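Raw final35.csv, CSV, C-alpha atoms:
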chain,number,residue,atom,x,y,z
A,1,MET,CA,0.0,0.0,0.0
A,2,ALA,CA,1.9,3.1,-1.3
A,3,TYR,CA,1.0,6.3,-3.0
A,4,ARG,CA,2.9,5.4,-6.2
A,5,ASP,CA,1.1,2.1,-6.4
A,6,ASP,CA,-2.3,3.9,-6.0
A,7,ILE,CA,-1.4,6.3,-8.7
A,8,GLU,CA,-0.7,3.6,-11.2
A,9,LYS,CA,-3.8,1.6,-10.4
A,10,ALA,CA,-6.2,4.5,-10.4
A,11,ALA,CA,-8.4,5.4,-13.4
A,12,GLU,CA,-7.4,2.3,-15.3
A,13,ASN,CA,-10.7,2.1,-17.1
A,14,LEU,CA,-10.8,5.5,-18.6
A,15,PRO,CA,-10.9,6.3,-22.4
A,16,TRP,CA,-7.3,7.6,-22.4
A,17,MET,CA,-7.2,7.6,-26.2
A,18,LYS,CA,-9.1,10.8,-26.1
A,19,LEU,CA,-5.9,12.5,-24.9
A,20,ASP,CA,-3.7,11.1,-27.8
A,21,GLY,CA,-1.8,14.0,-29.4
A,22,CYS,CA,-3.1,16.5,-26.9
A,23,ASN,CA,-1.5,19.1,-24.6
A,24,ILE,CA,-2.9,19.2,-21.1
A,25,LEU,CA,-2.4,22.3,-18.9
A,26,VAL,CA,-2.7,21.9,-15.1
A,27,THR,CA,-2.7,25.0,-13.0
A,28,GLY,CA,-2.0,24.8,-9.3
A,29,ALA,CA,0.3,21.9,-10.2
A,30,THR,CA,2.3,22.0,-6.9
A,31,GLY,CA,-0.8,21.9,-4.7
A,32,LEU,CA,-2.2,18.8,-3.1
A,33,ILE,CA,-4.7,18.0,-5.9
A,34,GLY,CA,-2.7,19.5,-8.8
A,35,SER,CA,0.5,17.6,-8.0
A,36,CYS,CA,-1.4,14.3,-7.7
A,37,LEU,CA,-3.0,15.0,-11.0
A,38,VAL,CA,0.3,15.5,-12.7
A,39,ASP,CA,1.6,12.3,-11.1
A,40,MET,CA,-1.4,10.4,-12.5
A,41,LEU,CA,-1.1,11.8,-16.0
A,42,MET,CA,2.6,11.1,-16.1
A,43,ALA,CA,2.2,7.5,-14.7
A,44,ARG,CA,0.5,6.3,-17.9
A,45,LYS,CA,3.0,4.0,-19.5
A,46,ASP,CA,1.4,4.2,-22.9
A,47,ARG,CA,0.7,8.0,-22.9
A,48,ARG,CA,0.8,9.9,-26.1
A,49,TYR,CA,0.2,13.4,-24.7
A,50,ASN,CA,2.1,16.3,-23.1
A,51,VAL,CA,1.6,17.6,-19.6
A,52,TYR,CA,2.2,21.2,-18.8
A,53,ALA,CA,2.4,21.9,-15.1
A,54,CYS,CA,1.7,25.5,-14.1
A,55,GLY,CA,2.9,27.1,-10.8
A,56,ARG,CA,4.4,30.3,-9.4
A,57,ASN,CA,7.3,28.6,-7.6
A,58,ARG,CA,9.8,27.0,-10.0
A,59,GLU,CA,12.0,25.7,-7.2
A,60,ARG,CA,9.1,23.9,-5.5
A,61,ALA,CA,7.9,22.5,-8.8
A,62,MET,CA,11.3,21.2,-9.8
A,63,LYS,CA,11.7,19.5,-6.4
A,64,ARG,CA,8.2,18.0,-6.5
A,65,PHE,CA,8.5,16.8,-10.1
A,66,SER,CA,12.2,15.8,-10.2
A,67,ALA,CA,11.2,12.3,-11.4
A,68,TYR,CA,10.0,13.9,-14.7
A,69,ALA,CA,12.9,16.3,-15.3
A,70,ASP,CA,14.2,14.3,-18.3
A,71,ASP,CA,10.8,13.3,-19.6
A,72,LYS,CA,10.1,15.1,-22.9
A,73,ALA,CA,6.4,14.9,-22.2
A,74,PHE,CA,6.7,17.0,-19.1
A,75,HIS,CA,6.9,20.8,-19.1
A,76,PHE,CA,6.9,23.4,-16.3
A,77,VAL,CA,5.2,26.7,-17.0
A,78,PRO,CA,5.8,29.5,-14.6
A,79,TYR,CA,2.5,31.3,-14.3
A,80,ASP,CA,0.3,33.3,-12.0
A,81,VAL,CA,-3.4,32.9,-12.9
A,82,MET,CA,-4.0,36.6,-12.0
A,83,GLN,CA,-2.1,37.5,-15.2
A,84,PRO,CA,-3.2,36.8,-18.8
A,85,LEU,CA,-1.6,33.5,-20.1
A,86,GLN,CA,1.1,34.2,-22.7
A,87,GLY,CA,2.5,31.8,-25.3
A,88,ASP,CA,1.6,30.0,-28.5
A,89,VAL,CA,1.0,26.4,-27.2
A,90,ASN,CA,-2.4,25.0,-28.1
A,91,TYR,CA,-3.9,23.3,-25.0
A,92,GLN,CA,-6.7,20.9,-25.9
A,93,TYR,CA,-7.5,20.4,-22.2
A,94,ILE,CA,-7.1,22.9,-19.4
A,95,ILE,CA,-7.5,21.7,-15.8
A,96,HIS,CA,-7.8,24.7,-13.5
A,97,ALA,CA,-6.8,23.6,-10.0
A,98,ALA,CA,-5.0,26.7,-8.7
A,99,SER,CA,-6.6,28.3,-5.7
A,100,ASN,CA,-5.6,29.4,-2.2
A,101,ALA,CA,-7.4,26.7,-0.2
A,102,SER,CA,-5.9,27.2,3.3
A,103,PRO,CA,-7.9,28.9,6.0
A,104,ASN,CA,-5.1,31.4,6.8
A,105,PHE,CA,-5.5,32.8,3.3
A,106,PHE,CA,-9.2,33.3,3.8
A,107,ALA,CA,-8.6,35.2,7.0
A,108,ASN,CA,-5.6,37.3,5.9
A,109,SER,CA,-6.0,37.8,2.1
A,110,PRO,CA,-9.7,37.5,1.2
A,111,VAL,CA,-9.4,40.0,-1.6
A,112,GLU,CA,-6.6,38.1,-3.3
A,113,VAL,CA,-8.5,34.8,-2.8
A,114,MET,CA,-11.6,36.2,-4.6
A,115,LYS,CA,-9.7,37.8,-7.5
A,116,ALA,CA,-7.5,34.8,-8.1
A,117,ASN,CA,-10.5,32.4,-8.3
A,118,PHE,CA,-12.6,34.5,-10.7
A,119,ILE,CA,-10.0,36.2,-12.8
A,120,GLY,CA,-8.1,32.9,-13.2
A,121,VAL,CA,-11.0,31.3,-15.0
A,122,SER,CA,-11.4,34.2,-17.3
A,123,ASN,CA,-7.7,34.4,-18.2
A,124,LEU,CA,-7.4,30.7,-18.9
A,125,ILE,CA,-10.6,30.3,-21.0
A,126,ASP,CA,-9.8,33.4,-23.0
A,127,TYR,CA,-6.5,31.9,-23.9
A,128,GLY,CA,-8.0,28.5,-24.6
A,129,ILE,CA,-10.6,30.0,-27.0
A,130,GLU,CA,-7.7,31.2,-29.2
A,131,HIS,CA,-5.6,28.1,-28.8
A,132,GLY,CA,-7.5,25.0,-29.6
A,133,LEU,CA,-9.3,24.3,-26.3
A,134,GLN,CA,-11.5,21.2,-26.4
A,135,ARG,CA,-12.6,21.1,-22.8
A,136,PHE,CA,-12.1,23.2,-19.6
A,137,LEU,CA,-12.2,21.4,-16.2
A,138,TYR,CA,-12.8,23.7,-13.3
A,139,VAL,CA,-11.9,22.5,-9.8
A,140,SER,CA,-14.4,24.2,-7.6
A,141,SER,CA,-15.1,23.2,-4.1
A,142,GLY,CA,-17.8,21.6,-2.0
A,143,GLU,CA,-17.8,24.8,0.0
A,144,VAL,CA,-20.1,26.3,-2.6
A,145,TYR,CA,-23.0,24.6,-0.8
A,146,GLY,CA,-22.3,26.6,2.4
A,147,GLU,CA,-24.6,25.8,5.3
A,148,GLY,CA,-27.4,23.4,4.3
A,149,ASP,CA,-30.6,22.3,5.9
A,150,GLY,CA,-29.4,18.9,6.9
A,151,ARG,CA,-29.9,17.2,3.6
A,152,VAL,CA,-27.2,15.4,1.6
A,153,PHE,CA,-25.9,17.8,-1.0
A,154,GLU,CA,-26.8,17.0,-4.6
A,155,GLU,CA,-25.4,19.1,-7.5
A,156,ASP,CA,-28.6,21.2,-8.0
A,157,TYR,CA,-28.7,22.3,-4.3
A,158,SER,CA,-27.5,25.8,-3.5
A,159,GLY,CA,-27.4,26.0,0.3
A,160,TYR,CA,-26.6,29.3,2.0
A,161,VAL,CA,-23.4,31.4,2.1
A,162,ASN,CA,-23.4,34.8,3.9
A,163,PRO,CA,-21.9,37.1,1.3
A,164,MET,CA,-20.9,39.8,3.9
A,165,LEU,CA,-18.3,37.6,5.7
A,166,PRO,CA,-14.7,37.9,4.6
A,167,ARG,CA,-14.5,34.1,5.1
A,168,SER,CA,-17.0,33.8,2.3
A,169,SER,CA,-14.4,35.1,-0.2
A,170,TYR,CA,-13.6,31.4,-0.9
A,171,PRO,CA,-17.1,29.9,-1.4
A,172,SER,CA,-18.5,33.0,-3.0
A,173,SER,CA,-15.8,33.3,-5.6
A,174,LYS,CA,-16.0,29.6,-6.3
A,175,ARG,CA,-19.7,30.0,-6.9
A,176,ALA,CA,-19.1,33.0,-9.2
A,177,SER,CA,-16.4,31.1,-11.1
A,178,GLU,CA,-18.7,28.2,-11.7
A,179,THR,CA,-21.3,30.6,-13.2
A,180,LEU,CA,-18.5,32.1,-15.3
A,181,CYS,CA,-17.8,28.7,-16.7
A,182,ALA,CA,-21.5,28.3,-17.5
A,183,ALA,CA,-21.5,31.7,-19.1
A,184,TYR,CA,-18.6,30.9,-21.4
A,185,ALA,CA,-20.3,27.7,-22.4
A,186,ALA,CA,-23.6,29.5,-23.2
A,187,GLU,CA,-22.0,32.5,-25.0
A,188,TYR,CA,-19.0,31.1,-26.7
A,189,GLY,CA,-19.7,27.4,-26.9
A,190,VAL,CA,-16.8,26.4,-24.7
A,191,GLU,CA,-17.0,22.8,-23.3
A,192,THR,CA,-16.8,23.2,-19.5
A,193,VAL,CA,-17.2,20.8,-16.7
A,194,VAL,CA,-17.0,21.5,-13.0
A,195,VAL,CA,-16.0,19.3,-10.1
A,196,ARG,CA,-16.7,20.0,-6.4
A,197,PRO,CA,-14.3,18.1,-4.2
A,198,SER,CA,-15.2,17.4,-0.6
A,199,HIS,CA,-12.5,17.8,2.0
A,200,THR,CA,-9.5,16.1,0.4
A,201,TYR,CA,-6.5,14.6,2.1
A,202,GLY,CA,-3.3,12.8,1.0
A,203,PRO,CA,0.5,13.1,1.0
A,204,TYR,CA,2.6,16.0,-0.4
A,205,PHE,CA,0.6,18.8,1.0
A,206,THR,CA,2.5,22.1,1.1
A,207,GLU,CA,4.3,23.5,4.1
A,208,ALA,CA,1.7,26.4,4.1
A,209,ASP,CA,-1.3,24.1,4.2
A,210,ASN,CA,-3.0,24.6,7.6
A,211,ARG,CA,-6.1,22.6,6.9
A,212,VAL,CA,-7.0,20.4,9.9
A,213,TYR,CA,-5.9,17.0,8.5
A,214,ALA,CA,-2.5,18.5,7.6
A,215,GLN,CA,-2.0,20.0,11.1
A,216,PHE,CA,-3.0,16.7,12.7
A,217,ILE,CA,-0.5,14.7,10.6
A,218,ARG,CA,2.2,17.2,11.4
A,219,ASN,CA,1.5,16.8,15.1
A,220,VAL,CA,1.9,13.0,15.1
A,221,LEU,CA,4.9,13.0,12.8
A,222,ASN,CA,6.6,15.5,15.2
A,223,GLY,CA,5.8,13.2,18.1
A,224,GLU,CA,3.2,15.5,19.5
A,225,ASP,CA,-0.4,15.0,20.6
A,226,ILE,CA,-3.0,16.3,18.2
A,227,VAL,CA,-4.3,19.8,19.2
A,228,MET,CA,-8.0,20.4,18.6
A,229,LYS,CA,-9.0,24.0,18.3
A,230,SER,CA,-12.7,23.3,18.3
A,231,THR,CA,-15.1,20.6,19.6
A,232,GLY,CA,-14.7,18.9,16.3
A,233,SER,CA,-18.4,18.3,15.9
A,234,GLN,CA,-18.5,19.5,12.3
A,235,PHE,CA,-19.5,16.5,10.1
A,236,ARG,CA,-17.8,16.3,6.7
A,237,SER,CA,-17.5,14.2,3.5
A,238,TRP,CA,-13.8,13.3,2.8
A,239,CYS,CA,-11.9,11.9,-0.2
A,240,TYR,CA,-8.4,10.5,-0.6
A,241,VAL,CA,-6.5,12.7,-3.1
A,242,VAL,CA,-5.8,9.8,-5.5
A,243,ASP,CA,-9.5,9.0,-5.6
A,244,CYS,CA,-10.3,12.7,-6.0
A,245,VAL,CA,-8.0,13.0,-9.0
A,246,SER,CA,-9.2,9.8,-10.7
A,247,ALA,CA,-12.7,11.2,-10.3
A,248,MET,CA,-11.6,14.5,-11.9
A,249,LEU,CA,-10.4,12.5,-14.9
A,250,TYR,CA,-13.6,10.6,-15.1
A,251,VAL,CA,-15.5,13.9,-15.3
A,252,MET,CA,-13.1,15.4,-17.8
A,253,LEU,CA,-13.2,12.4,-20.2
A,254,LYS,CA,-16.7,11.1,-19.6
A,255,GLY,CA,-18.7,13.9,-17.9
A,256,LYS,CA,-21.4,16.0,-19.7
A,257,SER,CA,-20.4,19.5,-20.7
A,258,GLY,CA,-22.0,22.2,-18.7
A,259,GLU,CA,-22.5,20.0,-15.7
A,260,ALA,CA,-21.1,20.0,-12.1
A,261,TYR,CA,-20.1,16.8,-10.2
A,262,ASN,CA,-19.5,16.2,-6.5
A,263,ILE,CA,-16.4,14.3,-5.5
A,264,ALA,CA,-16.5,12.4,-2.2
A,265,ASP,CA,-16.1,9.0,-0.8
A,266,ALA,CA,-19.5,7.9,0.5
A,267,ASP,CA,-17.9,5.7,3.1
A,268,SER,CA,-15.7,8.6,4.5
A,269,ASN,CA,-18.3,10.8,6.2
A,270,ILE,CA,-16.9,11.6,9.6
A,271,SER,CA,-16.6,14.4,12.2
A,272,ILE,CA,-13.5,16.5,12.7
A,273,ARG,CA,-13.2,14.9,16.1
A,274,GLU,CA,-13.3,11.4,14.6
A,275,LEU,CA,-10.7,12.4,12.1
A,276,ALA,CA,-8.4,13.6,14.8
A,277,GLU,CA,-8.9,10.4,16.8
A,278,MET,CA,-8.1,8.3,13.7
A,279,ILE,CA,-4.9,10.1,13.0
A,280,ALA,CA,-3.9,10.1,16.6
A,281,GLN,CA,-4.5,6.3,16.9
A,282,ILE,CA,-2.4,5.6,13.8
A,283,GLY,CA,0.4,7.8,15.1
A,284,GLY,CA,0.2,6.5,18.7
A,285,ARG,CA,-0.7,9.9,20.2
A,286,LYS,CA,-3.8,11.4,21.9
A,287,VAL,CA,-6.1,14.3,21.2
A,288,ILE,CA,-6.1,17.4,23.4
A,289,MET,CA,-8.2,20.6,23.4
A,290,GLN,CA,-6.9,24.1,23.0
A,291,LEU,CA,-8.8,27.4,22.5
A,292,PRO,CA,-8.2,29.0,19.0
A,293,SER,CA,-6.9,32.5,18.6
A,294,ASP,CA,-9.1,35.1,16.9
A,295,ALA,CA,-7.0,34.9,13.7
A,296,GLU,CA,-7.5,31.1,13.6
A,297,LYS,CA,-11.2,31.4,14.2
A,298,ALA,CA,-11.5,33.9,11.3
A,299,GLY,CA,-10.4,31.3,8.8
A,300,TYR,CA,-12.6,28.5,10.1
A,301,ASN,CA,-15.3,26.9,8.0
A,302,MET,CA,-18.1,26.8,10.5
A,303,VAL,CA,-20.6,24.8,8.4
A,304,THR,CA,-22.0,22.1,10.7
A,305,LYS,CA,-22.7,19.4,8.2
A,306,SER,CA,-21.4,18.9,4.7
A,307,VAL,CA,-22.2,15.5,3.2
A,308,PHE,CA,-22.2,15.0,-0.6
A,309,SER,CA,-24.2,12.8,-2.9
A,310,THR,CA,-21.9,10.9,-5.2
A,311,ALA,CA,-24.6,9.2,-7.4
A,312,LYS,CA,-23.9,11.5,-10.4
A,313,LEU,CA,-20.1,10.8,-10.3
A,314,GLU,CA,-20.6,7.1,-9.8
A,315,SER,CA,-22.9,7.0,-12.8
A,316,LEU,CA,-19.7,7.6,-14.9
A,317,GLY,CA,-18.2,4.4,-13.6
A,318,TRP,CA,-16.0,5.9,-10.8
A,319,LYS,CA,-15.5,4.3,-7.4
A,320,PRO,CA,-13.0,4.8,-4.6
A,321,MET,CA,-10.2,2.3,-4.0
A,322,ARG,CA,-10.4,1.4,-0.3
A,323,SER,CA,-11.2,2.5,3.2
A,324,MET,CA,-10.4,5.9,4.7
A,325,ARG,CA,-8.3,4.3,7.5
A,326,GLU,CA,-6.1,2.6,5.0
A,327,ASN,CA,-5.8,5.7,2.9
A,328,MET,CA,-4.8,7.7,6.0
A,329,GLU,CA,-2.2,5.2,7.0
A,330,CYS,CA,-0.8,5.5,3.5
A,331,THR,CA,-0.8,9.3,3.7
A,332,ILE,CA,1.1,9.3,7.1
A,333,MET,CA,3.6,6.7,5.8
A,334,GLU,CA,4.4,8.8,2.7
A,335,GLU,CA,4.7,12.0,4.7
A,336,SER,CA,7.1,10.4,7.2
A,337,LYS,CA,9.5,9.8,4.3
A,338,ARG,CA,9.7,13.4,3.3

Structure translated into structure tokens:
Amino acid sequence: MAYRDDIEKAAENLPWMKLDGCNILVTGATGLIGSCLVDMLMARKDRRYNVYACGRNRERAMKRFSAYADDKAFHFVPYDVMQPLQGDVNYQYIIHAASNASPNFFANSPVEVMKANFIGVSNLIDYGIEHGLQRFLYVSSGEVYGEGDGRVFEEDYSGYVNPMLPRSSYPSSKRASETLCAAYAAEYGVETVVVRPSHTYGPYFTEADNRVYAQFIRNVLNGEDIVMKSTGSQFRSWCYVVDCVSAMLYVMLKGKSGEAYNIADADSNISIRELAEMIAQIGGRKVIMQLPSDAEKAGYNMVTKSVFSTAKLESLGWKPMRSMRENMECTIMEESKR
């Protein structure tokens, strides 16, 4: 049970021939989801396409993707989605996974979070229209549902997000970006598909990632007890990053244009407290409580229940590989090697 084995096994039953001769652009390539996506694309032994990994930090990208340094199918593109994309490469597929997804960004840089999400979509699709774009995959977020009424979230549900909270910079701009994708599809005929990942976990998260699972794993790997900054009662859908990325590829290659698809593992619905206890048990530590600072509270997602329906995604033939416990053990093992 190892991350690389998972990468090679995932998405085996997809129509990969659709990508033959194509150039695939991946923004946010050094993030948790983006880097896993690059790994999965590069893992195909019979691939006949090029992968262009976008990121703002060349040094980080070269370290993360050192295994592909001599592979002619891999290309690094230094790029900030806030700027118009320059160049003359035709990208048949653009997967937009760049976004500040850590709570500290929501608390400290809400303006930048909003601008990057919305303007990034516009810049990339505008380039794609002029450069052979066949399909645009937007990586949105399950946070677009906001606070629900207790029901399981299906893709046509809108939930509630308070637009006057700076913390809403993330879900509000993700919502607006989804609408922008729909608008490009309606006005310019661009094929767009949207995915809404649930809370996603896995190895190779960045040093700046302060989402709860990353903090908990850092605790146990540092030989520390897990520090809970809330009661942990919030109930969430979760998904292993390899499963999440394979689901994204299912949507890109088999999904219906103009549609949104939830991504979650139906057997991985647990509370934050249960997550902490699972990671603590794997790492041989315990869970302790500590009051959060005002700055920490400002970035928190306070939605009480966020559970996703995955029927639409599963109708494409996708399914997760194994249990959350096994996936978390794999994640902690991989992180311990870094």

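Here CA of Asn262 (chain A) and CA of Pro110 (chain A) stand 24.7 Å from one another.
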
So, counting only C-alpha atoms, which residue among A:Met40, A:Thr206, A:Ala10, A:Ile119 is closest to Arg60 (chain A)?
A:Thr206

Contacts of region 240-250 of chain A at 6 Å or less, counting all atoms listed in the file, minus same-chain residues fewer than 4 places along, as a PyMOL selection string?
chain A and resi 11+37+200-202+254+320

Near-Asn100 (chain A) list (10 Å; all atoms listed in the file; drop same-chain fewer than 5 positions) as a PDB file with C-alpha atoms, keeping the file's coordinate frame:
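The new file around-v6.pdb reads:
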ATOM      1  CA  GLY A  28      -2.000  24.800  -9.300  1.00  0.00           C
ATOM      2  CA  GLY A  31      -0.800  21.900  -4.700  1.00  0.00           C
ATOM      3  CA  PHE A 105      -5.500  32.800   3.300  1.00  0.00           C
ATOM      4  CA  PHE A 106      -9.200  33.300   3.800  1.00  0.00           C
ATOM      5  CA  SER A 109      -6.000  37.800   2.100  1.00  0.00           C
ATOM      6  CA  PRO A 110      -9.700  37.500   1.200  1.00  0.00           C
ATOM      7  CA  GLU A 112      -6.600  38.100  -3.300  1.00  0.00           C
ATOM      8  CA  VAL A 113      -8.500  34.800  -2.800  1.00  0.00           C
ATOM      9  CA  MET A 114     -11.600  36.200  -4.600  1.00  0.00           C
ATOM     10  CA  ALA A 116      -7.500  34.800  -8.100  1.00  0.00           C
ATOM     11  CA  ASN A 117     -10.500  32.400  -8.300  1.00  0.00           C
ATOM     12  CA  TYR A 170     -13.600  31.400  -0.900  1.00  0.00           C
ATOM     13  CA  ASP A 209      -1.300  24.100   4.200  1.00  0.00           C
TER      14      ASP A 209
END

Best match for closeness to Gly223 (chain A) among A:Ala176, A:Val195, A:Ala280, A:Ala183, counting all atoms listed in the file
A:Ala280

Non-local contacts of Met17 (chain A) (10 Å; only C-alpha atoms; under 3 positions in same chain excluded) as a PDB file with C-alpha atoms, in the coordinates of the input:
ATOM      1  CA  LEU A  14     -10.800   5.500 -18.600  1.00  0.00           C
ATOM      2  CA  ASP A  20      -3.700  11.100 -27.800  1.00  0.00           C
ATOM      3  CA  GLY A  21      -1.800  14.000 -29.400  1.00  0.00           C
ATOM      4  CA  CYS A  22      -3.100  16.500 -26.900  1.00  0.00           C
ATOM      5  CA  ASP A  46       1.400   4.200 -22.900  1.00  0.00           C
ATOM      6  CA  ARG A  47       0.700   8.000 -22.900  1.00  0.00           C
ATOM      7  CA  ARG A  48       0.800   9.900 -26.100  1.00  0.00           C
ATOM      8  CA  TYR A  49       0.200  13.400 -24.700  1.00  0.00           C
ATOM      9  CA  LEU A 253     -13.200  12.400 -20.200  1.00  0.00           C
TER      10      LEU A 253
END

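The gap separating CA of Ser271 (chain A) from CA of Ser233 (chain A) is 5.7 Å, in Å to one decimal.
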
Residue among A:Leu25, A:Ala53, A:Ala186, A:Val227 lying closest to Val89 (chain A), counting all atoms listed in the file:
A:Leu25

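Take CA of Phe205 (chain A) and CA of Ile217 (chain A): the distance between them is 10.5 Å.
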
Report the closest atom pair, with its distance in Å rounded to one decimal, for each residue of region 222-300 of chain A that has an atom no farther than 10 Å from region 152-157 of chain A; count all atoms listed in the file, sort by chain and then rising residue number, and write it as CSV.
residue,atom,partner,partner_atom,distance
A:Ser237,CA,A:Val152,CA,10.0
A:Glu259,CA,A:Glu155,CA,8.7
A:Ala260,CA,A:Glu155,CA,6.4
A:Tyr261,CA,A:Glu155,CA,6.4
A:Asn262,CA,A:Glu155,CA,6.6
